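Enquirer: This is the structure I want to talk about, given as structure tokens.
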Amino acid sequence: MTISSEGAAHKIAQFPALRDNYGFLLHDPASGSTAAIDTPEVEPIVAALEENNWKLTHILNTHHHVDHTGGNQELKTKFPGVVVVGPRSEMRKIRGGVDVPVEGSDRILVGSLELDIIDVGGHTAGHIAYYSPVARACFVGDAIFPLGCGRMFEGTPPQFYSSLQRLMALPDETQLYCAHEYAEANAKFAATVELDNEALFERIDFIKELRANGQPTVPTTVSLEKRTNPFVRIEPARRALGLPLDAQPHDVFAEIRRRKDDF
């Protein structure tokens, strides 16, 4: 476990879970409230709580997939009174239910920390992200990854493209807490899209170095993804892939996603 971000008003703990997931805890020192962002695996969540002497008060689910919600019920049993927040349109798919259903443009509190809900549907239809302006952090689940984005299981290209644009509209310094370690695989594909992007290839070298030393590539930042992630660099990708000039941005996105799926 590492404390990946810390300020007077917040602390964020990050730790590995399952095969390639990351778990996160967001702590409000003023109130003692602590939220688990998704619940991929109970044991590392409890270990991180105990290491920091924090008590779990909230679970913030980004979407309904079991590697994000599988620990909800056990954690609610271990920590009576825990409040589960989750996407309104997916609440019936989350085992154990949702206490506070939310959707894009809503706002919640974890203690004194305000979190804005961002609609990032695409990977699943109702996927949401949790953005803390104070912490300059956004917990994005499987919406975006270093050099990539989630598979489009339920959403549509226009929906997913718009979701990524909402994330890219956040301040450049915003840290994006992604739920999986996929950077090396994403880098191999990204290298086939923009062959002349110097920033991309510098980043790929850095990713290789991080992973060789057992270090995470998460969190990333909005700025870094704007400069290197083909899924949000629509115009450079359009030119690099030889797609028609009159193709809609979401159609370019869909073609990049198709090529990644087949890669």
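Residues in the structure tokens are numbered from 1 in each chain, the chains being A, B, ... in the order shown, and ligands are numbered from 1 in the order shown.
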What lies within 9 Å of Ile94 in chain A using only C-alpha atoms, ignoring chain neighbours under 3 positions off, as a compact mmCIF listing (two decimals) with N, CA, C and O atoms, in the first residue's frame?
Expert:
```txt
# COMPACT_ATOMS: atom_id res chain seq x y z
N ASN A 61 -19.03 2.88 -5.79
CA ASN A 61 -18.92 2.00 -6.96
C ASN A 61 -18.99 2.81 -8.25
O ASN A 61 -19.86 3.66 -8.41
N HIS A 63 -19.07 1.18 -11.39
CA HIS A 63 -19.94 0.44 -12.30
C HIS A 63 -20.19 -0.95 -11.72
O HIS A 63 -19.62 -1.31 -10.69
N HIS A 64 -21.01 -1.74 -12.39
CA HIS A 64 -21.55 -2.95 -11.77
C HIS A 64 -20.67 -4.19 -11.88
O HIS A 64 -20.97 -5.21 -11.27
N HIS A 65 -19.60 -4.17 -12.65
CA HIS A 65 -18.81 -5.39 -12.84
C HIS A 65 -18.31 -5.93 -11.51
O HIS A 65 -17.96 -5.18 -10.59
N VAL A 66 -18.24 -7.25 -11.42
CA VAL A 66 -17.99 -7.91 -10.14
C VAL A 66 -16.61 -7.60 -9.59
O VAL A 66 -16.41 -7.62 -8.37
N THR A 69 -17.35 -4.54 -7.54
CA THR A 69 -18.41 -4.58 -6.52
C THR A 69 -18.40 -5.84 -5.67
O THR A 69 -19.20 -5.96 -4.75
N GLY A 70 -17.50 -6.75 -5.97
CA GLY A 70 -17.54 -8.08 -5.34
C GLY A 70 -17.35 -8.09 -3.84
O GLY A 70 -17.77 -9.04 -3.18
N ASN A 72 -18.52 -5.67 -1.76
CA ASN A 72 -19.48 -4.79 -1.09
C ASN A 72 -20.14 -5.44 0.12
O ASN A 72 -20.15 -4.88 1.22
N GLY A 86 -23.60 4.36 -5.76
CA GLY A 86 -23.37 3.73 -7.04
C GLY A 86 -24.23 4.32 -8.14
O GLY A 86 -25.14 5.13 -7.87
N GLU A 90 -27.50 1.42 -12.80
CA GLU A 90 -26.95 0.07 -12.64
C GLU A 90 -27.20 -0.49 -11.25
O GLU A 90 -26.70 -1.57 -10.92
N MET A 91 -27.98 0.19 -10.44
CA MET A 91 -28.10 -0.19 -9.03
C MET A 91 -28.68 -1.58 -8.85
O MET A 91 -28.32 -2.29 -7.90
N GLY A 97 -27.14 -4.25 -3.40
CA GLY A 97 -27.85 -3.00 -3.58
C GLY A 97 -27.00 -1.76 -3.38
O GLY A 97 -25.83 -1.81 -3.03
N VAL A 98 -27.62 -0.62 -3.62
CA VAL A 98 -27.00 0.70 -3.50
C VAL A 98 -27.85 1.54 -2.56
O VAL A 98 -29.07 1.60 -2.69
```
Enquirer: So which residues of range 4-65 of chain A fall under strand (DSSP E) by DSSP, listed as a count of residues only?
Expert: 28
Enquirer: Rounded to one decimal in Å, what is the spacing between CA of Ile207 in chain A and CA of Gly122 in chain A?
Expert: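 The value is 25.9 Å.
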Enquirer: Tell me which protein, DNA and RNA residues are within 9 Å of Cys149 in chain A, counting only C-alpha atoms, leaving out same-chain ones fewer than 4 positions away, and put them as a VMD selection string.
Expert: chain A and resid 123 142 to 145 164 186 229 231 257
Enquirer: Would you save the residues of that selection, restricted to N, CA, C and O atoms, as a PDB file, in the first residue's frame?
Expert:
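Below is the file selection17.pdb, written as the result:
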```pdb
ATOM      1  N   HIS A 123     -17.937   1.956 -21.220  1.00  0.00           N
ATOM      2  CA  HIS A 123     -17.486   0.623 -20.816  1.00  0.00           C
ATOM      3  C   HIS A 123     -18.699  -0.175 -20.345  1.00  0.00           C
ATOM      4  O   HIS A 123     -18.956  -1.290 -20.811  1.00  0.00           O
ATOM      5  N   ASP A 142     -13.034   1.988 -15.004  1.00  0.00           N
ATOM      6  CA  ASP A 142     -12.517   1.422 -16.253  1.00  0.00           C
ATOM      7  C   ASP A 142     -12.805   2.321 -17.449  1.00  0.00           C
ATOM      8  O   ASP A 142     -12.797   1.868 -18.592  1.00  0.00           O
ATOM      9  N   ALA A 143     -13.082   3.607 -17.205  1.00  0.00           N
ATOM     10  CA  ALA A 143     -13.386   4.510 -18.307  1.00  0.00           C
ATOM     11  C   ALA A 143     -12.149   4.832 -19.125  1.00  0.00           C
ATOM     12  O   ALA A 143     -12.169   4.822 -20.361  1.00  0.00           O
ATOM     13  N   ILE A 144     -11.046   5.132 -18.447  1.00  0.00           N
ATOM     14  CA  ILE A 144      -9.802   5.493 -19.126  1.00  0.00           C
ATOM     15  C   ILE A 144      -8.636   4.873 -18.370  1.00  0.00           C
ATOM     16  O   ILE A 144      -8.722   4.647 -17.151  1.00  0.00           O
ATOM     17  N   PHE A 145      -7.577   4.561 -19.108  1.00  0.00           N
ATOM     18  CA  PHE A 145      -6.349   4.006 -18.553  1.00  0.00           C
ATOM     19  C   PHE A 145      -5.166   4.740 -19.169  1.00  0.00           C
ATOM     20  O   PHE A 145      -5.315   5.423 -20.191  1.00  0.00           O
ATOM     21  N   LEU A 164     -15.156  10.448 -22.507  1.00  0.00           N
ATOM     22  CA  LEU A 164     -13.727  10.746 -22.436  1.00  0.00           C
ATOM     23  C   LEU A 164     -13.471  12.239 -22.576  1.00  0.00           C
ATOM     24  O   LEU A 164     -12.558  12.788 -21.930  1.00  0.00           O
ATOM     25  N   ASN A 186      -1.415  -1.448 -23.419  1.00  0.00           N
ATOM     26  CA  ASN A 186      -1.908  -0.279 -24.138  1.00  0.00           C
ATOM     27  C   ASN A 186      -0.795   0.404 -24.922  1.00  0.00           C
ATOM     28  O   ASN A 186      -1.016   0.918 -26.024  1.00  0.00           O
ATOM     29  N   ASN A 229      -2.469   9.645 -25.326  1.00  0.00           N
ATOM     30  CA  ASN A 229      -3.474   8.583 -25.412  1.00  0.00           C
ATOM     31  C   ASN A 229      -4.242   8.669 -26.731  1.00  0.00           C
ATOM     32  O   ASN A 229      -4.954   9.647 -26.970  1.00  0.00           O
ATOM     33  N   PHE A 231      -6.911   7.410 -27.772  1.00  0.00           N
ATOM     34  CA  PHE A 231      -8.361   7.439 -27.672  1.00  0.00           C
ATOM     35  C   PHE A 231      -8.913   8.842 -27.407  1.00  0.00           C
ATOM     36  O   PHE A 231     -10.117   9.065 -27.569  1.00  0.00           O
ATOM     37  N   ARG A 257     -11.040   2.035 -31.263  1.00  0.00           N
ATOM     38  CA  ARG A 257     -11.465   0.996 -30.319  1.00  0.00           C
ATOM     39  C   ARG A 257     -11.540  -0.371 -31.008  1.00  0.00           C
ATOM     40  O   ARG A 257     -11.134  -1.390 -30.433  1.00  0.00           O
TER      41      ARG A 257
END
```
Enquirer: Would you list the contacts of Pro219 in chain A as a PDB file with C-alpha atoms, in the first residue's frame, taking every protein, DNA or RNA residue within 9 Å and counting only C-alpha atoms, but skipping same-chain residues closer than 5 positions in sequence?
Expert:
```
ATOM      1  CA  SER A   4      -0.323   8.291  -3.437  1.00  0.00           C
ATOM      2  CA  ALA A 137      -8.238  13.561  -8.221  1.00  0.00           C
ATOM      3  CA  PHE A 145      -6.349   4.006 -18.553  1.00  0.00           C
ATOM      4  CA  PRO A 146      -2.815   5.146 -19.281  1.00  0.00           C
ATOM      5  CA  GLN A 175      -4.813  12.815 -11.268  1.00  0.00           C
ATOM      6  CA  LEU A 176      -6.806   9.979 -12.834  1.00  0.00           C
ATOM      7  CA  TYR A 177      -7.055   6.913 -10.606  1.00  0.00           C
ATOM      8  CA  CYS A 178      -7.665   4.034 -13.016  1.00  0.00           C
TER       9      CYS A 178
END
```
Enquirer: Which one of A:Glu50, A:Glu43, A:Asp119, A:Glu114 sits closest to Gln165 in chain A if you count only C-alpha atoms?
Expert: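 Closest to Gln165 in chain A of all the choices is A:Asp119.
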Enquirer: With only C-alpha atoms as the basis for distance, which of A:Gln14, A:Ser89, A:Ser112, A:Thr156 is at the shortest distance from Gly32 in chain A?
Expert: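 For Gly32 in chain A, the nearest of the candidates is A:Ser112.
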Enquirer: So that I can check the surroundings of Val84 in chain A, please list as a PyMOL selection string every protein, DNA and RNA residue that reaches within 7 Å of it, counting only C-alpha atoms and ignoring chain neighbours fewer than 2 positions away.
Expert: chain A and resi 58-60+82+86+98-100
Enquirer: Suppose you want the space between CA of Phe263 in chain A and CA of Ala187 in chain A; what is it in Å?
Expert: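 About the pair CA of Phe263 in chain A and CA of Ala187 in chain A: they are 11.7 Å apart.
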Enquirer: Please provide as a PyMOL selection string all residues within 12 Å of Leu243 in chain A, with the sequence filter that same-chain residues fewer than 3 positions apart are discarded (counting only C-alpha atoms).
Expert: chain A and resi 193+234-240+246-249+251-256
Enquirer: With a distance cut-off of 12 Å and only C-alpha atoms, select the neighbouring residues of Ala13 in chain A, excluding the residue or stretch itself and same-chain residues fewer than 4 positions from it, and output the selection as a ChimeraX atom specification.
Expert: /A:1-6,22-28,34-37,44-52,54,177,218-219
Enquirer: Check range 5-241 of chain A with DSSP on the backbone and list each residue it calls alpha helix (DSSP H), as a PyMOL selection string.
Expert: chain A and resi 42-52+66-69+72-78+157-168+183-190+198-212+222-228+234-241
Enquirer: What gap, in Å, lies between CA of Arg227 in chain A and CA of Ile118 in chain A?
Expert: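 Between CA of Arg227 in chain A and CA of Ile118 in chain A the gap is 22.0 Å.
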Enquirer: Looking at only C-alpha atoms, which of A:Phe79, A:Tyr182, A:Phe206, A:Phe160 is the one that sits closest to Val232 in chain A?
Expert: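 Once distances to Val232 in chain A are computed over only C-alpha atoms, the minimum belongs to A:Phe160.
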Enquirer: Choose the residue, out of A:Arg19, A:Gly96, A:Gly126, A:Phe201, that has the smallest atom-to-atom separation from Glu154 in chain A; count only C-alpha atoms.
Expert: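 Among A:Arg19, A:Gly96, A:Gly126, A:Phe201, it is A:Gly126 that comes nearest to Glu154 in chain A.
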Enquirer: From the list A:Ser132, A:Thr62, A:Thr124, A:Gln215, which residue is nearest His10 in chain A when using only C-alpha atoms?
Expert: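 Among the listed residues, A:Ser132 lies closest to His10 in chain A.
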